[in-house]
Amino acid sequence: MEKPYIEKYKEISGFTVWIVDGAHIRTNTDEEFTNFGQHFNFKYIPEKEFWIDKEKTPGEEDYFIEHMLVEHRLMKEGASYKEAYERADRAEKRMRHKSQEVKALMEIKDKEELLQKIHKRMLEEYSKGVKVWIVDGNLVRSLIFIDFTEGGHDKVYSFIPPKEVWLDDDLVQKEIKFVLLHELHERFLMAQGWPYYTPRKSAHVESSEIEYHCRHHPEELDDKLKEEVEKNAQLETPSNIKNPDSK
């Protein structure tokens, strides 16, 4: 594998932390690589390295390092990935909650006020029936759901308002369309009754496949994205909304 290094971030506890080109990894090696990773989760990462995707909006690197330090240690000691990940999540969350900004935002009780801080910019071109928002991913991870990555929609996450798709503001410009394609395709399938994830036939797996295909055939991306926008728009028209009293 061609190593997608961009720059060294720091040395810590015997590990070299690298900022890497996540788009390159997702296109050429592993579509499931997210914000960061270590060897026991992604075998292609050398054991003494931590990789962090280059963020469009930097500032979360040390949170991710805290997570990886805990996760790597536990998995090396024999813990399952699930156990290590959950404990690492808790450690990361404790660190996030020490931030003065997060402490202040945690005092906000009005959901609409909080939502206004999370919403950053609506992508009008793709918001037909379903609103597509660029959101403050750091705030979502710190305040609501620590595992929010790249994007999500209302059919998966209950904290996302109805008829909304969220895209993390950490996405670089060249990845936005690929992730949006995934989220819209997944949302449409789940609205048809597909499960979010099973190892074979599921909305997530099918959406990963279409995303991966378009990463290697970018000339098809705009047409497929337009199709998914229209399908989701039609899904939300009154004629397609099921009457709960109908048989």
# chains A, B, ... in the order shown; residues from 1 in each chain; ligands from 1
>>> residues_around(residues="stretch 104-112 of chain A", least_positions_apart="4", cutoff="7 Å", atoms="only C-alpha atoms", output="compact mmCIF listing (two decimals) with C-alpha atoms, in the first residue's frame")
# COMPACT_ATOMS: atom_id res chain seq x y z
CA GLN A 100 -14.46 25.21 28.28
CA GLN A 116 -28.59 26.52 15.30
CA LEU A 143 -22.25 17.02 22.81
>>> select_by_dssp(residues="stretch 22-205 of chain A", states="helix (DSSP H, G or I)", output="VMD selection string")
chain A and resid 22 to 28 61 to 76 81 to 96 100 to 105 111 to 118 124 to 126 137 to 144 173 to 191 203 to 205
>>> closest_atom_pairs(of="stretch 194-224 of chain A", to="stretch 32-40 of chain A", cutoff="12 Å", atoms="only C-alpha atoms", output="Markdown table")
| residue | atom | partner | partner_atom | distance |
| --- | --- | --- | --- | --- |
| A:His204 | CA | A:Glu32 | CA | 10.8 |
| A:Val205 | CA | A:Glu32 | CA | 10.4 |
| A:Ser207 | CA | A:Glu32 | CA | 11.5 |
| A:Ser208 | CA | A:Glu32 | CA | 8.2 |
| A:Glu209 | CA | A:Glu32 | CA | 10.8 |
| A:Glu211 | CA | A:Glu32 | CA | 10.8 |
| A:Tyr212 | CA | A:Glu32 | CA | 9.9 |
>>> write_last_selection(atoms="C-alpha atoms", output="PDB file, in the first residue's frame")
ATOM      1  CA  HIS A 204     -24.944   0.535   4.603  1.00  0.00           C
ATOM      2  CA  VAL A 205     -23.206  -2.178   2.589  1.00  0.00           C
ATOM      3  CA  SER A 207     -24.287   2.417  -0.084  1.00  0.00           C
ATOM      4  CA  SER A 208     -20.614   1.701   0.537  1.00  0.00           C
ATOM      5  CA  GLU A 209     -20.530  -0.204  -2.738  1.00  0.00           C
ATOM      6  CA  GLU A 211     -19.729   5.128  -3.081  1.00  0.00           C
ATOM      7  CA  TYR A 212     -16.683   2.974  -3.795  1.00  0.00           C
TER       8      TYR A 212
END
>>> residues_around(residues="A:Tyr63", least_positions_apart="2", cutoff="12 Å", atoms="only C-alpha atoms", output="list in words")
Asn35, Phe36, Ile52, Pro58, Gly59, Glu60, Glu61, Ile65, Glu66, His67, Met68, Leu69, Val70, Ala88, Asp89, Arg90, Ala91, Glu92, Lys93, Arg94, Met95, Arg96, His97, Lys98, Ser99, Asn138, Arg141, Ser142 and Ile146 of chain A
>>> closest_residue(among="A:Glu230, A:Lys10, A:Lys3, A:Val140", to="A:Tyr44", atoms="only C-alpha atoms")
A:Lys3
>>> residues_around(residues="stretch 121-130 of chain A", least_positions_apart="5", cutoff="6 Å", atoms="only C-alpha atoms", output="ChimeraX atom specification")
/A:163-164,233,236
>>> closest_residue(among="A:Asn41, A:Leu184, A:Tyr197, A:Thr57", to="A:Ser80", atoms="only C-alpha atoms")
A:Asn41
>>> closest_residue(among="A:Glu7, A:Asp169, A:Glu71, A:Glu220", to="A:Asp21", atoms="only C-alpha atoms")
A:Glu7
>>> atom_distance(atom1="atom CA of A:Ile160", atom2="atom CA of A:Arg215")
26.6 Å
>>> atom_distance(atom1="atom CA of A:Trp133", atom2="atom CA of A:Phe159")
13.8 Å
>>> closest_residue(among="A:Asp30, A:Leu115, A:Ile144, A:Val165", to="A:Val102", atoms="only C-alpha atoms")
A:Ile144
>>> atom_distance(atom1="atom CA of A:Ala23", atom2="atom CA of A:Asp53")
8.3 Å
>>> closest_residue(among="A:Leu221, A:Ile134, A:Ile118, A:Met75", to="A:Val172", atoms="only C-alpha atoms")
A:Ile134
>>> select_by_dssp(residues="stretch 86-238 of chain A", states="strand (DSSP E)", output="mmCIF file with N, CA and C atoms, in the first residue's frame")
data_model
loop_
_atom_site.group_PDB
_atom_site.id
_atom_site.type_symbol
_atom_site.label_atom_id
_atom_site.label_comp_id
_atom_site.auth_asym_id
_atom_site.auth_seq_id
_atom_site.Cartn_x
_atom_site.Cartn_y
_atom_site.Cartn_z
ATOM 1 N N HIS A 119 -25.891 23.427 12.990
ATOM 2 C CA HIS A 119 -26.064 23.704 11.558
ATOM 3 C C HIS A 119 -25.113 24.818 11.133
ATOM 4 N N LYS A 120 -24.352 24.590 10.073
ATOM 5 C CA LYS A 120 -23.441 25.627 9.589
ATOM 6 C C LYS A 120 -23.865 26.184 8.230
ATOM 7 N N ARG A 121 -24.219 25.299 7.311
ATOM 8 C CA ARG A 121 -24.554 25.754 5.971
ATOM 9 C C ARG A 121 -25.401 24.697 5.273
ATOM 10 N N MET A 122 -26.523 25.132 4.682
ATOM 11 C CA MET A 122 -27.344 24.205 3.918
ATOM 12 C C MET A 122 -26.847 24.161 2.473
ATOM 13 N N LYS A 131 -33.399 18.226 3.606
ATOM 14 C CA LYS A 131 -32.397 19.275 3.771
ATOM 15 C C LYS A 131 -31.021 18.656 4.027
ATOM 16 N N VAL A 132 -30.038 19.126 3.290
ATOM 17 C CA VAL A 132 -28.665 18.649 3.451
ATOM 18 C C VAL A 132 -27.850 19.757 4.111
ATOM 19 N N TRP A 133 -27.362 19.452 5.308
ATOM 20 C CA TRP A 133 -26.639 20.443 6.098
ATOM 21 C C TRP A 133 -25.170 20.052 6.282
ATOM 22 N N ILE A 134 -24.284 21.043 6.140
ATOM 23 C CA ILE A 134 -22.925 20.918 6.670
ATOM 24 C C ILE A 134 -23.034 21.280 8.144
ATOM 25 N N VAL A 135 -22.554 20.384 9.019
ATOM 26 C CA VAL A 135 -22.695 20.612 10.460
ATOM 27 C C VAL A 135 -21.331 20.654 11.142
ATOM 28 N N GLY A 151 -20.842 11.600 7.945
ATOM 29 C CA GLY A 151 -22.213 12.024 7.690
ATOM 30 C C GLY A 151 -23.230 11.107 8.329
ATOM 31 N N GLY A 152 -24.488 11.485 8.204
ATOM 32 C CA GLY A 152 -25.573 10.689 8.769
ATOM 33 C C GLY A 152 -26.912 11.268 8.355
ATOM 34 N N HIS A 153 -27.974 10.577 8.715
ATOM 35 C CA HIS A 153 -29.315 11.037 8.335
ATOM 36 C C HIS A 153 -30.335 10.585 9.376
ATOM 37 N N GLU A 164 -33.620 15.358 7.285
ATOM 38 C CA GLU A 164 -32.325 16.019 7.219
ATOM 39 C C GLU A 164 -31.205 15.004 7.016
ATOM 40 N N VAL A 165 -30.202 15.423 6.261
ATOM 41 C CA VAL A 165 -28.941 14.707 6.125
ATOM 42 C C VAL A 165 -27.851 15.642 6.627
ATOM 43 N N TRP A 166 -26.952 15.125 7.464
ATOM 44 C CA TRP A 166 -25.849 15.920 7.999
ATOM 45 C C TRP A 166 -24.539 15.450 7.410
ATOM 46 N N LEU A 167 -23.691 16.411 7.023
ATOM 47 C CA LEU A 167 -22.343 16.142 6.550
ATOM 48 C C LEU A 167 -21.353 16.860 7.459
ATOM 49 N N ASP A 168 -20.348 16.141 7.911
ATOM 50 C CA ASP A 168 -19.343 16.679 8.816
ATOM 51 C C ASP A 168 -18.552 17.796 8.133
#
>>> closest_residue(among="A:Glu183, A:Glu31, A:Glu175, A:Glu55", to="A:Ile19", atoms="only C-alpha atoms")
A:Glu55
